[in-house]
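The data block below is upload-v7.txt; it holds compact mmCIF, C-alpha atoms.
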# COMPACT_ATOMS: atom_id res chain seq x y z
CA MET A 449 111.30 13.98 46.92
CA ALA A 450 110.84 14.63 43.20
CA LYS A 451 112.32 17.85 41.90
CA ARG A 452 109.90 20.40 40.49
CA VAL A 453 110.50 21.46 36.88
CA GLY A 454 109.94 25.12 37.73
CA VAL A 455 109.13 27.36 40.66
CA ASP A 456 105.76 27.45 42.42
CA LYS A 457 103.61 29.37 39.93
CA TRP A 458 100.93 30.15 42.50
CA LEU A 459 103.50 31.73 44.80
CA PHE A 460 105.18 33.63 41.97
CA GLY A 461 101.85 34.89 40.61
CA THR A 462 100.68 36.02 44.04
CA VAL A 463 103.90 37.96 44.67
CA LEU A 464 103.66 39.61 41.25
CA LEU A 465 100.02 40.61 41.80
CA LEU A 466 100.80 42.04 45.24
CA VAL A 467 103.65 44.15 43.85
CA LEU A 468 101.57 45.51 40.96
CA PHE A 469 98.63 46.16 43.25
CA GLY A 470 101.01 47.87 45.67
CA LEU A 471 102.17 50.32 43.01
CA VAL A 472 98.57 51.20 42.15
CA SER A 473 97.75 51.59 45.84
CA VAL A 474 100.78 53.79 46.52
CA PHE A 475 99.85 56.08 43.63
CA SER A 476 96.23 56.30 44.74
CA ALA A 477 97.18 57.02 48.36
CA SER A 478 100.04 59.44 47.69
CA ALA A 479 99.18 61.42 44.52
CA VAL A 480 97.53 64.37 46.29
CA ILE A 481 100.14 64.56 49.06
CA ALA A 482 103.01 64.22 46.57
CA LYS A 483 101.57 66.98 44.39
CA ALA A 484 101.20 69.31 47.37
CA THR A 485 104.56 68.61 48.99
CA LEU A 486 106.87 67.54 46.16
CA GLY A 487 105.29 69.17 43.12
CA SER A 488 104.47 65.95 41.26
CA PRO A 489 101.71 63.40 41.91
CA TYR A 490 104.05 60.67 40.69
CA ALA A 491 106.92 61.36 43.10
CA TYR A 492 106.27 58.51 45.54
CA VAL A 493 105.06 55.91 43.05
CA VAL A 494 108.02 56.48 40.68
CA LYS A 495 110.45 55.95 43.56
CA GLN A 496 108.53 52.87 44.68
CA ALA A 497 108.46 51.51 41.13
CA GLY A 498 112.24 51.86 40.89
CA PHE A 499 112.80 49.82 44.04
CA ALA A 500 110.13 47.31 42.98
CA LEU A 501 111.87 46.86 39.63
CA ALA A 502 115.22 46.35 41.36
CA GLY A 503 113.52 43.91 43.72
CA MET A 504 112.04 41.94 40.82
CA VAL A 505 115.49 41.71 39.23
CA ALA A 506 116.83 40.39 42.55
CA LEU A 507 113.92 37.94 42.72
CA PHE A 508 114.61 36.55 39.23
CA VAL A 509 118.33 36.22 39.97
CA LEU A 510 117.95 34.62 43.40
CA MET A 511 115.27 32.15 42.38
CA ARG A 512 117.88 30.68 40.01
CA VAL A 513 120.60 30.45 42.67
CA ASP A 514 120.64 27.12 44.49
CA TYR A 515 119.52 27.85 48.05
CA ARG A 516 122.13 25.37 49.34
CA LYS A 517 124.82 27.95 48.59
CA TYR A 518 123.50 30.02 51.51
CA ASN A 519 124.10 27.11 53.87
CA ASN A 520 127.63 28.30 54.53
CA PRO A 521 129.01 30.03 57.64
CA LYS A 522 131.52 31.86 55.40
CA LEU A 523 128.53 33.71 53.94
CA ILE A 524 126.28 33.87 57.00
CA PHE A 525 128.70 35.36 59.52
CA PRO A 526 129.92 38.18 57.23
CA LEU A 527 126.28 39.02 56.51
CA MET A 528 125.58 39.14 60.24
CA GLY A 529 128.62 41.33 60.82
CA ILE A 530 127.64 43.76 58.05
CA THR A 531 124.05 43.90 59.31
CA GLY A 532 125.24 44.56 62.87
CA LEU A 533 127.49 47.38 61.69
CA LEU A 534 124.64 48.90 59.68
CA LEU A 535 122.35 48.72 62.71
CA LEU A 536 125.02 50.53 64.72
CA SER A 537 125.73 53.07 61.98
CA VAL A 538 122.17 54.46 62.05
CA PHE A 539 123.10 56.28 65.26
CA ALA A 540 125.82 58.19 63.41
CA TRP A 541 123.20 59.93 61.28
CA GLY A 542 120.74 62.58 62.35
CA GLY A 543 117.38 61.25 63.45
CA MET A 544 114.21 61.48 61.38
CA ASN A 545 110.92 61.95 63.24
CA GLY A 546 112.69 61.23 66.50
CA ALA A 547 114.14 57.90 65.36
CA HIS A 548 117.48 56.62 64.05
CA ARG A 549 116.42 53.94 61.56
CA TRP A 550 118.05 54.95 58.29
CA VAL A 551 121.48 55.14 56.73
CA ARG A 552 121.83 57.72 53.96
CA ILE A 553 123.46 56.48 50.77
CA PRO A 554 124.44 59.21 48.28
CA GLY A 555 122.50 58.87 45.06
CA LEU A 556 120.19 56.15 46.39
CA GLY A 557 118.44 57.82 49.30
CA THR A 558 118.11 55.95 52.59
CA LEU A 559 118.61 52.33 53.64
CA GLU A 560 116.76 50.82 56.61
CA PRO A 561 119.08 48.17 58.13
CA SER A 562 116.32 46.65 60.27
CA GLU A 563 114.68 45.38 57.08
CA LEU A 564 117.87 43.50 56.26
CA ALA A 565 118.11 42.15 59.80
CA LYS A 566 114.94 40.05 59.42
CA PRO A 567 116.11 37.72 56.60
CA VAL A 568 119.63 37.58 58.07
CA ILE A 569 118.17 36.31 61.35
CA VAL A 570 116.21 33.66 59.41
CA LEU A 571 119.31 32.62 57.47
CA PHE A 572 121.38 32.28 60.64
CA LEU A 573 118.70 30.25 62.43
CA ALA A 574 118.15 27.98 59.41
CA TRP A 575 121.89 27.23 59.29
CA PHE A 576 122.25 26.78 63.05
CA LEU A 577 119.09 24.79 63.82
CA GLN A 578 119.35 22.29 60.96
CA THR A 579 121.84 20.17 62.92
CA ARG A 580 120.47 20.87 66.41
CA ILE A 581 116.99 19.37 66.13
CA HIS A 582 117.89 16.43 68.37
CA THR A 583 119.54 18.65 70.98
CA ILE A 584 117.11 21.56 70.72
CA ASP A 585 116.39 21.64 74.48
CA ASN A 586 120.06 21.85 75.47
CA VAL A 587 120.45 25.31 76.95
CA LYS A 588 124.21 25.68 76.63
CA GLU A 589 124.75 24.00 73.24
CA THR A 590 121.61 25.06 71.37
CA ILE A 591 119.22 27.51 73.00
CA LEU A 592 121.66 30.23 74.05
CA PRO A 593 123.79 30.14 70.85
CA ALA A 594 120.57 30.25 68.82
CA VAL A 595 118.94 33.20 70.58
CA ILE A 596 121.85 35.47 71.50
CA PRO A 597 122.77 36.76 67.98
CA PRO A 598 119.12 37.49 66.99
CA LEU A 599 118.48 39.15 70.35
CA LEU A 600 121.49 41.42 69.83
CA PHE A 601 119.86 42.59 66.59
CA VAL A 602 116.53 42.98 68.41
CA GLY A 603 118.24 45.09 71.07
CA LEU A 604 119.82 47.42 68.50
CA ILE A 605 116.48 47.78 66.71
CA LEU A 606 114.80 48.64 70.03
CA LEU A 607 117.35 51.41 70.55
CA GLU A 608 116.48 53.08 67.22
CA PRO A 609 113.65 52.97 68.54
CA ASP A 610 111.56 50.55 66.46
CA LEU A 611 109.50 48.34 68.73
CA GLY A 612 107.33 47.02 65.90
CA THR A 613 110.20 45.56 63.84
CA ALA A 614 111.84 44.25 67.01
CA LEU A 615 108.62 42.37 67.84
CA VAL A 616 108.50 40.93 64.31
CA CYS A 617 112.08 39.65 64.69
CA ALA A 618 111.31 38.20 68.12
CA ALA A 619 108.15 36.51 66.83
CA VAL A 620 110.02 34.90 63.92
CA LEU A 621 112.74 33.73 66.33
CA MET A 622 110.18 32.04 68.59
CA LEU A 623 108.30 30.46 65.68
CA MET A 624 111.46 29.00 64.19
CA LEU A 625 112.51 27.58 67.57
CA PHE A 626 109.03 26.08 67.91
CA LEU A 627 109.38 24.51 64.46
CA ALA A 628 112.69 23.02 65.59
CA GLY A 629 110.86 21.27 68.42
CA LEU A 630 111.75 23.48 71.37
CA GLN A 631 109.55 22.60 74.35
CA MET A 632 106.83 25.09 75.15
CA LYS A 633 108.23 25.63 78.65
CA TRP A 634 111.36 27.25 77.21
CA LEU A 635 109.28 29.52 74.95
CA LEU A 636 107.11 30.53 77.90
CA MET A 637 110.19 31.20 80.00
CA GLY A 638 111.60 33.36 77.22
CA ALA A 639 108.33 35.28 76.95
CA ALA A 640 108.27 35.75 80.71
CA ALA A 641 111.86 37.03 80.69
CA ALA A 642 111.02 39.51 77.93
CA SER A 643 107.81 40.71 79.60
CA PRO A 644 109.45 43.27 81.95
CA ILE A 645 111.34 44.81 79.02
CA LEU A 646 108.18 44.95 76.92
CA TYR A 647 106.23 46.39 79.85
CA TYR A 648 108.85 49.10 80.34
CA MET A 649 108.93 49.94 76.61
CA LEU A 650 105.13 50.20 76.45
CA PHE A 651 104.23 51.88 79.72
CA HIS A 652 107.34 53.73 80.91
CA VAL A 653 108.29 55.46 77.67
CA ALA A 654 106.05 58.52 77.70
CA TRP A 655 104.89 58.61 74.10
CA ARG A 656 104.27 54.85 73.99
CA ALA A 657 102.36 54.93 77.27
CA LYS A 658 100.14 57.63 75.83
CA ARG A 659 99.68 55.54 72.69
CA MET A 660 98.62 52.53 74.79
CA LEU A 661 96.03 54.59 76.65
CA VAL A 662 94.74 55.99 73.38
CA PHE A 663 94.54 52.49 71.93
CA LEU A 664 92.05 51.57 74.66
CA HIS A 665 90.06 54.79 74.31
CA PRO A 666 90.91 56.60 71.04
CA GLU A 667 87.74 58.68 71.22
CA ALA A 668 89.08 60.37 74.36
CA ASP A 669 91.58 62.39 72.29
CA PRO A 670 90.34 62.27 68.67
CA LYS A 671 92.34 65.31 67.54
CA GLY A 672 95.52 64.45 69.42
CA ALA A 673 97.03 61.10 70.28
CA GLY A 674 94.00 59.20 69.01
CA PHE A 675 94.04 60.92 65.62
CA HIS A 676 95.78 58.08 63.75
CA ILE A 677 93.43 55.37 64.96
CA MET A 678 90.25 57.43 64.56
CA GLN A 679 91.08 58.47 61.00
CA SER A 680 92.00 54.90 60.12
CA LEU A 681 88.72 53.56 61.45
CA ILE A 682 86.80 56.30 59.63
CA ALA A 683 88.50 55.28 56.38
CA VAL A 684 87.74 51.60 56.89
CA GLY A 685 84.14 52.27 57.90
CA THR A 686 83.50 54.72 55.05
CA GLY A 687 84.50 52.11 52.48
CA GLY A 688 81.59 49.84 53.31
CA ILE A 689 81.25 46.69 51.22
CA ARG A 690 82.33 47.92 47.77
CA GLY A 691 84.30 51.07 48.62
CA LEU A 692 84.20 54.59 47.22
CA GLY A 693 86.17 53.64 44.11
CA LEU A 694 89.86 53.68 43.23
CA MET A 695 91.39 57.16 43.66
CA GLU A 696 88.14 58.35 45.32
CA GLY A 697 89.20 58.03 48.95
CA ARG A 698 88.74 61.10 51.13
CA GLN A 699 90.72 60.32 54.27
CA LYS A 700 94.02 60.47 52.34
CA LEU A 701 93.32 64.16 51.72
CA PHE A 702 95.47 65.23 54.69
CA TYR A 703 93.29 63.47 57.27
CA LEU A 704 94.76 59.98 57.44
CA PRO A 705 98.47 60.14 58.43
CA GLU A 706 100.89 58.07 56.34
CA PRO A 707 98.19 56.84 53.89
CA HIS A 708 100.81 55.46 51.49
CA THR A 709 103.00 53.75 54.11
CA ASP A 710 101.83 52.37 57.46
CA PHE A 711 98.12 53.04 56.89
CA ILE A 712 97.83 52.10 53.22
CA PHE A 713 95.50 49.23 54.12
CA ALA A 714 93.04 51.78 55.51
CA ASN A 715 93.07 53.63 52.18
CA ILE A 716 92.57 50.34 50.33
CA SER A 717 89.61 49.54 52.58
CA GLU A 718 88.07 52.97 51.95
CA GLU A 719 88.46 52.87 48.17
CA LEU A 720 87.84 49.17 47.50
CA GLY A 721 85.71 48.35 50.51
CA LEU A 722 85.43 45.12 52.42
CA LEU A 723 85.68 43.13 49.20
CA GLY A 724 89.00 44.72 48.30
CA ALA A 725 90.36 44.23 51.83
CA ILE A 726 89.35 40.55 51.74
CA CYS A 727 91.13 40.12 48.40
CA VAL A 728 94.33 41.52 49.89
CA LEU A 729 93.97 39.24 52.91
CA ALA A 730 93.32 36.27 50.60
CA ALA A 731 96.50 37.03 48.64
CA PHE A 732 98.57 36.89 51.83
CA CYS A 733 96.81 33.66 52.83
CA ILE A 734 97.72 32.10 49.48
CA LEU A 735 101.31 33.27 49.82
CA GLY A 736 101.45 31.90 53.36
CA TYR A 737 99.95 28.56 52.35
CA ARG A 738 102.33 28.05 49.43
CA GLY A 739 105.36 29.15 51.42
CA LEU A 740 104.55 26.94 54.42
CA LYS A 741 103.74 24.04 52.11
CA ALA A 742 107.21 24.36 50.60
CA ALA A 743 108.67 24.34 54.09
CA PHE A 744 106.82 21.29 55.35
CA LEU A 745 107.26 19.23 52.17
CA SER A 746 111.00 19.81 52.02
CA THR A 747 113.17 16.93 53.19
CA ASP A 748 116.17 19.24 53.66
CA PRO A 749 116.15 20.71 57.21
CA PHE A 750 117.95 23.85 56.06
CA ALA A 751 115.37 24.42 53.30
CA ARG A 752 112.53 23.76 55.74
CA PHE A 753 113.75 26.34 58.24
CA LEU A 754 114.63 28.84 55.50
CA ALA A 755 111.25 28.62 53.76
CA PHE A 756 109.37 28.71 57.06
CA GLY A 757 111.28 31.74 58.32
CA LEU A 758 110.96 33.76 55.10
CA THR A 759 107.24 33.03 54.93
CA THR A 760 106.57 33.91 58.55
CA ILE A 761 108.34 37.27 58.13
CA ILE A 762 105.70 38.22 55.57
CA LEU A 763 102.76 36.81 57.52
CA VAL A 764 103.74 38.37 60.86
CA GLN A 765 104.28 41.80 59.28
CA ALA A 766 100.98 41.64 57.41
CA PHE A 767 99.19 40.59 60.60
CA PHE A 768 100.67 43.46 62.60
CA ASN A 769 99.99 46.06 59.90
CA MET A 770 96.36 45.08 59.32
CA SER A 771 95.71 44.76 63.05
CA VAL A 772 97.00 48.29 63.65
CA VAL A 773 94.80 49.69 60.87
CA LEU A 774 91.75 47.96 62.36
CA ALA A 775 92.67 49.15 65.89
CA LEU A 776 93.24 45.58 67.09
CA LEU A 777 96.79 46.49 68.14
CA PRO A 778 98.41 49.79 69.22
CA THR A 779 99.91 51.90 66.45
CA LYS A 780 103.28 50.60 65.21
CA GLY A 781 105.38 51.64 62.24
CA ILE A 782 105.26 48.33 60.35
CA PRO A 783 104.74 48.40 56.55
CA LEU A 784 102.36 46.09 54.69
CA PRO A 785 104.68 43.79 52.70
CA PHE A 786 104.84 44.42 48.92
CA ILE A 787 102.23 47.19 49.18
CA SER A 788 103.34 49.98 51.53
CA SER A 789 105.66 52.65 50.15
CA GLY A 790 109.21 51.95 51.28
CA GLY A 791 112.19 51.18 49.08
CA THR A 792 114.23 48.99 51.42
CA SER A 793 111.18 47.01 52.47
CA VAL A 794 109.94 46.12 48.99
CA PHE A 795 113.45 45.34 47.68
CA VAL A 796 114.42 43.08 50.58
CA THR A 797 111.02 41.36 50.61
CA LEU A 798 111.21 40.56 46.90
CA ALA A 799 114.76 39.28 47.28
CA CYS A 800 113.53 36.98 50.06
CA MET A 801 110.78 35.71 47.79
CA GLY A 802 113.42 34.87 45.19
CA VAL A 803 115.14 32.61 47.72
CA LEU A 804 111.80 31.07 48.71
CA LEU A 805 110.90 30.41 45.08
CA ASN A 806 114.19 28.61 44.60
CA VAL A 807 113.32 26.32 47.51
CA THR A 808 110.02 25.46 45.79
CA ARG A 809 111.98 24.00 42.86
CA GLU A 810 113.04 21.15 45.12
CA ILE A 811 109.57 19.85 46.03
CA ASP A 812 106.93 17.99 44.12
Kindly transcribe the structure held in the file into structure tokens.
Amino acid sequence: MAKRVGVDKWLFGTVLLLVLFGLVSVFSASAVIAKATLGSPYAYVVKQAGFALAGMVALFVLMRVDYRKYNNPKLIFPLMGITGLLLLSVFAWGGMNGAHRWVRIPGLGTLEPSELAKPVIVLFLAWFLQTRIHTIDNVKETILPAVIPPLLFVGLILLEPDLGTALVCAAVLMLMLFLAGLQMKWLLMGAAAASPILYYMLFHVAWRAKRMLVFLHPEADPKGAGFHIMQSLIAVGTGGIRGLGLMEGRQKLFYLPEPHTDFIFANISEELGLLGAICVLAAFCILGYRGLKAAFLSTDPFARFLAFGLTTIILVQAFFNMSVVLALLPTKGIPLPFISSGGTSVFVTLACMGVLLNVTREID
């Protein structure tokens, strides 16, 4: 396959637009809250801009590093070990909002190890599966060695507890195994084996069970458990076709919870309307198309799995986030890639895009 002179400009441009749009969206959604709680309307957006800038530096550096250098167990296994230790270390810190998801780093704030776990899982699977395509249905030699390390990460993330991120990791694992040619019967058996655990997590953990009931009938408790969903739907519905205008949203004024993080898409829909929401969706579709095209056009199995995994991380997260905002799925704490406020998320996502852009250099 002919080597591209430069990186995929469509992919690079889409990522850049999403990051810039994300900074504008974070400022619009957080200015009033930041002013009231932190004394400055710029508190959240300045922090986000710092991580976005660091992420862009990582993107530019990594898109110039030959992706083949990552195809090395001497790199992959230390990364997995460090990520596992970080996932364990979150339990040594005090919880925030009832969860143990962050590690505090003096001078830098907090680090969310589960965000790092997603690309590390992709990197491990890309390295492992590249030589196992012809033996993909061998349980002892391929299936178990492929799924056990990612599932250990998923288990630690579930203990935090962070069911949303765990589901994203599990979805990426299944999609990459499907790409490798794993028969559907094995995927269905895996889903069946995971069903009791998922059922327990959803219906036998009190606050999640209440959330599931509210998801079906949010109007039954509009000021309690259904508050998130109702306020999100009000924001989306109020926006109409063209929206109320940038900075003019009303639900972010202490009605819509987390308007600059998990529910930022609701604020975008209110201020920019259906047209703005469609533009955001279109940007993710373009990113997905260009990323998957790079994966399927690559003749290098490692590059194919790597590009596919990094792209599906973005697409699965965006799908979950938008579905929650539109009340198509129960509420989960999953950020909208590139756009939601969250330092670890935007930095890691941009670094992943740097690796993906390097892969695009190798295709015509």
From the set A:Leu577, A:Leu571, A:Leu464, A:Leu534, which residue has the shortest atom-to-atom contact distance to Leu592 (chain A), counting only C-alpha atoms?
->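 The closest residue to Leu592 (chain A) is A:Leu577.
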For Gly498 (chain A), which of A:Pro521, A:Gly629, A:Gly802, A:Gly790 is the closest residue, counting only C-alpha atoms?
->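 Result for the nearest residue to Gly498 (chain A): A:Gly790.
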When you draw a straight line from CA of Lys741 (chain A) to CA of Leu623 (chain A), how long is it in Å?
->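 About the pair CA of Lys741 (chain A) and CA of Leu623 (chain A): they are 15.7 Å apart.
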Counting only C-alpha atoms, what is within 10 Å of region 781-789 of chain A, bar same-chain residues fewer than 2 positions away, as number ranges by chain?
-> A: 463-475, 477-478, 492-493, 495-497, 499-500, 610-613, 616, 706-713, 728, 732, 761-770, 772, 779, 791-798
Point out the residue among A:Gln631, A:Cys800, A:Leu625, A:Gly688 with the least atom-to-atom distance to Ala594 (chain A), counting only C-alpha atoms.
->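 Result for the nearest residue to Ala594 (chain A): A:Leu625.
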Shell of 8 Å around Arg659 (chain A), only C-alpha atoms, local chain residues under 2 positions omitted, as a PDB file with C-alpha atoms, in the coordinates of the input:
ATOM      1  CA  TRP A 655     104.890  58.610  74.100  1.00  0.00           C
ATOM      2  CA  ARG A 656     104.270  54.850  73.990  1.00  0.00           C
ATOM      3  CA  ALA A 657     102.360  54.930  77.270  1.00  0.00           C
ATOM      4  CA  LEU A 661      96.030  54.590  76.650  1.00  0.00           C
ATOM      5  CA  VAL A 662      94.740  55.990  73.380  1.00  0.00           C
ATOM      6  CA  PHE A 663      94.540  52.490  71.930  1.00  0.00           C
ATOM      7  CA  ALA A 673      97.030  61.100  70.280  1.00  0.00           C
ATOM      8  CA  GLY A 674      94.000  59.200  69.010  1.00  0.00           C
ATOM      9  CA  PRO A 778      98.410  49.790  69.220  1.00  0.00           C
ATOM     10  CA  THR A 779      99.910  51.900  66.450  1.00  0.00           C
TER      11      THR A 779
END
Between CA of Asp585 (chain A) and CA of Ala755 (chain A), measure the distance and give it in Å to one decimal.
->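 Atom-to-atom, CA of Asp585 (chain A) to CA of Ala755 (chain A), that is 22.5 Å.
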What is the CA of Val653 (chain A)-CA of Glu608 (chain A) distance in Å, reported with one decimal?
->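 CA of Glu608 (chain A) lies at a distance of 13.5 Å from CA of Val653 (chain A).
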Please, which residues are within 10 Å of (95.8, 35.0, 47.4) by the file's coordinates, counting all atoms listed in the file, and could they come as a PyMOL selection string?
-> chain A and resi 458-459+461-463+465-466+726-738
Put those residues in a file: C-alpha atoms, as a PDB file, in the frame of the given file.
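Once everything was written out, this is again22.pdb:
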ATOM      1  CA  TRP A 458     100.930  30.150  42.500  1.00  0.00           C
ATOM      2  CA  LEU A 459     103.500  31.730  44.800  1.00  0.00           C
ATOM      3  CA  GLY A 461     101.850  34.890  40.610  1.00  0.00           C
ATOM      4  CA  THR A 462     100.680  36.020  44.040  1.00  0.00           C
ATOM      5  CA  VAL A 463     103.900  37.960  44.670  1.00  0.00           C
ATOM      6  CA  LEU A 465     100.020  40.610  41.800  1.00  0.00           C
ATOM      7  CA  LEU A 466     100.800  42.040  45.240  1.00  0.00           C
ATOM      8  CA  ILE A 726      89.350  40.550  51.740  1.00  0.00           C
ATOM      9  CA  CYS A 727      91.130  40.120  48.400  1.00  0.00           C
ATOM     10  CA  VAL A 728      94.330  41.520  49.890  1.00  0.00           C
ATOM     11  CA  LEU A 729      93.970  39.240  52.910  1.00  0.00           C
ATOM     12  CA  ALA A 730      93.320  36.270  50.600  1.00  0.00           C
ATOM     13  CA  ALA A 731      96.500  37.030  48.640  1.00  0.00           C
ATOM     14  CA  PHE A 732      98.570  36.890  51.830  1.00  0.00           C
ATOM     15  CA  CYS A 733      96.810  33.660  52.830  1.00  0.00           C
ATOM     16  CA  ILE A 734      97.720  32.100  49.480  1.00  0.00           C
ATOM     17  CA  LEU A 735     101.310  33.270  49.820  1.00  0.00           C
ATOM     18  CA  GLY A 736     101.450  31.900  53.360  1.00  0.00           C
ATOM     19  CA  TYR A 737      99.950  28.560  52.350  1.00  0.00           C
ATOM     20  CA  ARG A 738     102.330  28.050  49.430  1.00  0.00           C
TER      21      ARG A 738
END
Within 8 Å of (119.1, 45.0, 66.2), all atoms listed in the file: residues as JSON, numbers by chain?
-> {"A": [532, 535, 562, 565, 598, 599, 600, 601, 602, 603, 604, 605, 606, 607, 614]}
Using only C-alpha atoms, which residues sit within 8 Å of region 699-705 of chain A once same-chain residues fewer than 5 positions away are excluded, as number ranges by chain?
-> A: 477-478, 480-481, 676, 679-680, 682-683, 711, 715
Store the residues picked out above, limited to C-alpha atoms, as a compact mmCIF listing (two decimals), keeping the file's coordinate frame.
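The file below, out_12.txt, is the result:
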# COMPACT_ATOMS: atom_id res chain seq x y z
CA ALA A 477 97.18 57.02 48.36
CA SER A 478 100.04 59.44 47.69
CA VAL A 480 97.53 64.37 46.29
CA ILE A 481 100.14 64.56 49.06
CA HIS A 676 95.78 58.08 63.75
CA GLN A 679 91.08 58.47 61.00
CA SER A 680 92.00 54.90 60.12
CA ILE A 682 86.80 56.30 59.63
CA ALA A 683 88.50 55.28 56.38
CA PHE A 711 98.12 53.04 56.89
CA ASN A 715 93.07 53.63 52.18
Counting only C-alpha atoms, figure out which residue out of A:Gly529, A:Leu621, A:Ser476, A:Val538 gets nearest to Leu635 (chain A).
->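 Checking each candidate against Leu635 (chain A), we get A:Leu621 as the closest.
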Got a sec: who's within 10 Å of Phe756 (chain A), counting all atoms listed in the file, leaving out chain neighbours fewer than 4 positions off, as a PyMOL selection string?
-> chain A and resi 570+574+620+623-624+627+736+739-744+750-752+760-761+804
Could you check which of A:Leu501, A:Ala547, A:Ile716, A:Ile596 is closest to Pro609 (chain A), using only C-alpha atoms?
->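 Of the candidates, the smallest distance to Pro609 (chain A) is held by A:Ala547.
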Compile the contact shell of Ser537 (chain A) as a list in words: residues with an atom at most 10 Å away, counting all atoms listed in the file, same-chain residues fewer than 5 positions apart removed.
-> Thr531, Gly532, His548, Arg549, Trp550, Val551 and Pro561 of chain A
With C-alpha atoms retained, export the selected residues as a PDB file, keeping the file's coordinate frame.
ATOM      1  CA  THR A 531     124.050  43.900  59.310  1.00  0.00           C
ATOM      2  CA  GLY A 532     125.240  44.560  62.870  1.00  0.00           C
ATOM      3  CA  HIS A 548     117.480  56.620  64.050  1.00  0.00           C
ATOM      4  CA  ARG A 549     116.420  53.940  61.560  1.00  0.00           C
ATOM      5  CA  TRP A 550     118.050  54.950  58.290  1.00  0.00           C
ATOM      6  CA  VAL A 551     121.480  55.140  56.730  1.00  0.00           C
ATOM      7  CA  PRO A 561     119.080  48.170  58.130  1.00  0.00           C
TER       8      PRO A 561
END
Might I get the box with edges along x, y and z of the file that holds all atoms of region 734-752 of chain A listed there, padded by 6 Å on every side, given as centre and edge lengths in Å to one decimal, as lines of an AutoDock Vina configuration file?
center_x = 107.8
center_y = 25.1
center_z = 53.3
size_x = 32.2
size_y = 28.3
size_z = 19.8
Could you model all heavy atoms for region 470-474 of chain A and present them as a PDB file, in the coordinates of the input?
ATOM      1  N   GLY A 470     100.374  46.910  44.779  1.00  0.00           N
ATOM      2  CA  GLY A 470     101.010  47.870  45.670  1.00  0.00           C
ATOM      3  C   GLY A 470     101.352  49.175  44.982  1.00  0.00           C
ATOM      4  O   GLY A 470     101.160  50.254  45.548  1.00  0.00           O
ATOM      5  N   LEU A 471     101.836  49.107  43.751  1.00  0.00           N
ATOM      6  CA  LEU A 471     102.170  50.320  43.010  1.00  0.00           C
ATOM      7  C   LEU A 471     100.920  51.159  42.751  1.00  0.00           C
ATOM      8  O   LEU A 471     100.933  52.391  42.888  1.00  0.00           O
ATOM      9  CB  LEU A 471     102.863  49.966  41.702  1.00  0.00           C
ATOM     10  CG  LEU A 471     104.254  49.342  41.828  1.00  0.00           C
ATOM     11  CD1 LEU A 471     104.786  48.949  40.457  1.00  0.00           C
ATOM     12  CD2 LEU A 471     105.217  50.304  42.510  1.00  0.00           C
ATOM     13  N   VAL A 472      99.832  50.483  42.367  1.00  0.00           N
ATOM     14  CA  VAL A 472      98.570  51.200  42.150  1.00  0.00           C
ATOM     15  C   VAL A 472      98.092  51.837  43.449  1.00  0.00           C
ATOM     16  O   VAL A 472      97.643  52.998  43.474  1.00  0.00           O
ATOM     17  CB  VAL A 472      97.498  50.239  41.588  1.00  0.00           C
ATOM     18  CG1 VAL A 472      96.135  50.938  41.510  1.00  0.00           C
ATOM     19  CG2 VAL A 472      97.903  49.722  40.217  1.00  0.00           C
ATOM     20  N   SER A 473      98.204  51.098  44.542  1.00  0.00           N
ATOM     21  CA  SER A 473      97.750  51.590  45.840  1.00  0.00           C
ATOM     22  C   SER A 473      98.585  52.766  46.318  1.00  0.00           C
ATOM     23  O   SER A 473      98.053  53.735  46.884  1.00  0.00           O
ATOM     24  CB  SER A 473      97.781  50.461  46.875  1.00  0.00           C
ATOM     25  OG  SER A 473      96.941  49.399  46.504  1.00  0.00           O
ATOM     26  N   VAL A 474      99.901  52.691  46.109  1.00  0.00           N
ATOM     27  CA  VAL A 474     100.780  53.790  46.520  1.00  0.00           C
ATOM     28  C   VAL A 474     100.437  55.056  45.735  1.00  0.00           C
ATOM     29  O   VAL A 474     100.364  56.153  46.307  1.00  0.00           O
ATOM     30  CB  VAL A 474     102.262  53.414  46.318  1.00  0.00           C
ATOM     31  CG1 VAL A 474     103.157  54.644  46.426  1.00  0.00           C
ATOM     32  CG2 VAL A 474     102.689  52.375  47.336  1.00  0.00           C
TER      33      VAL A 474
END
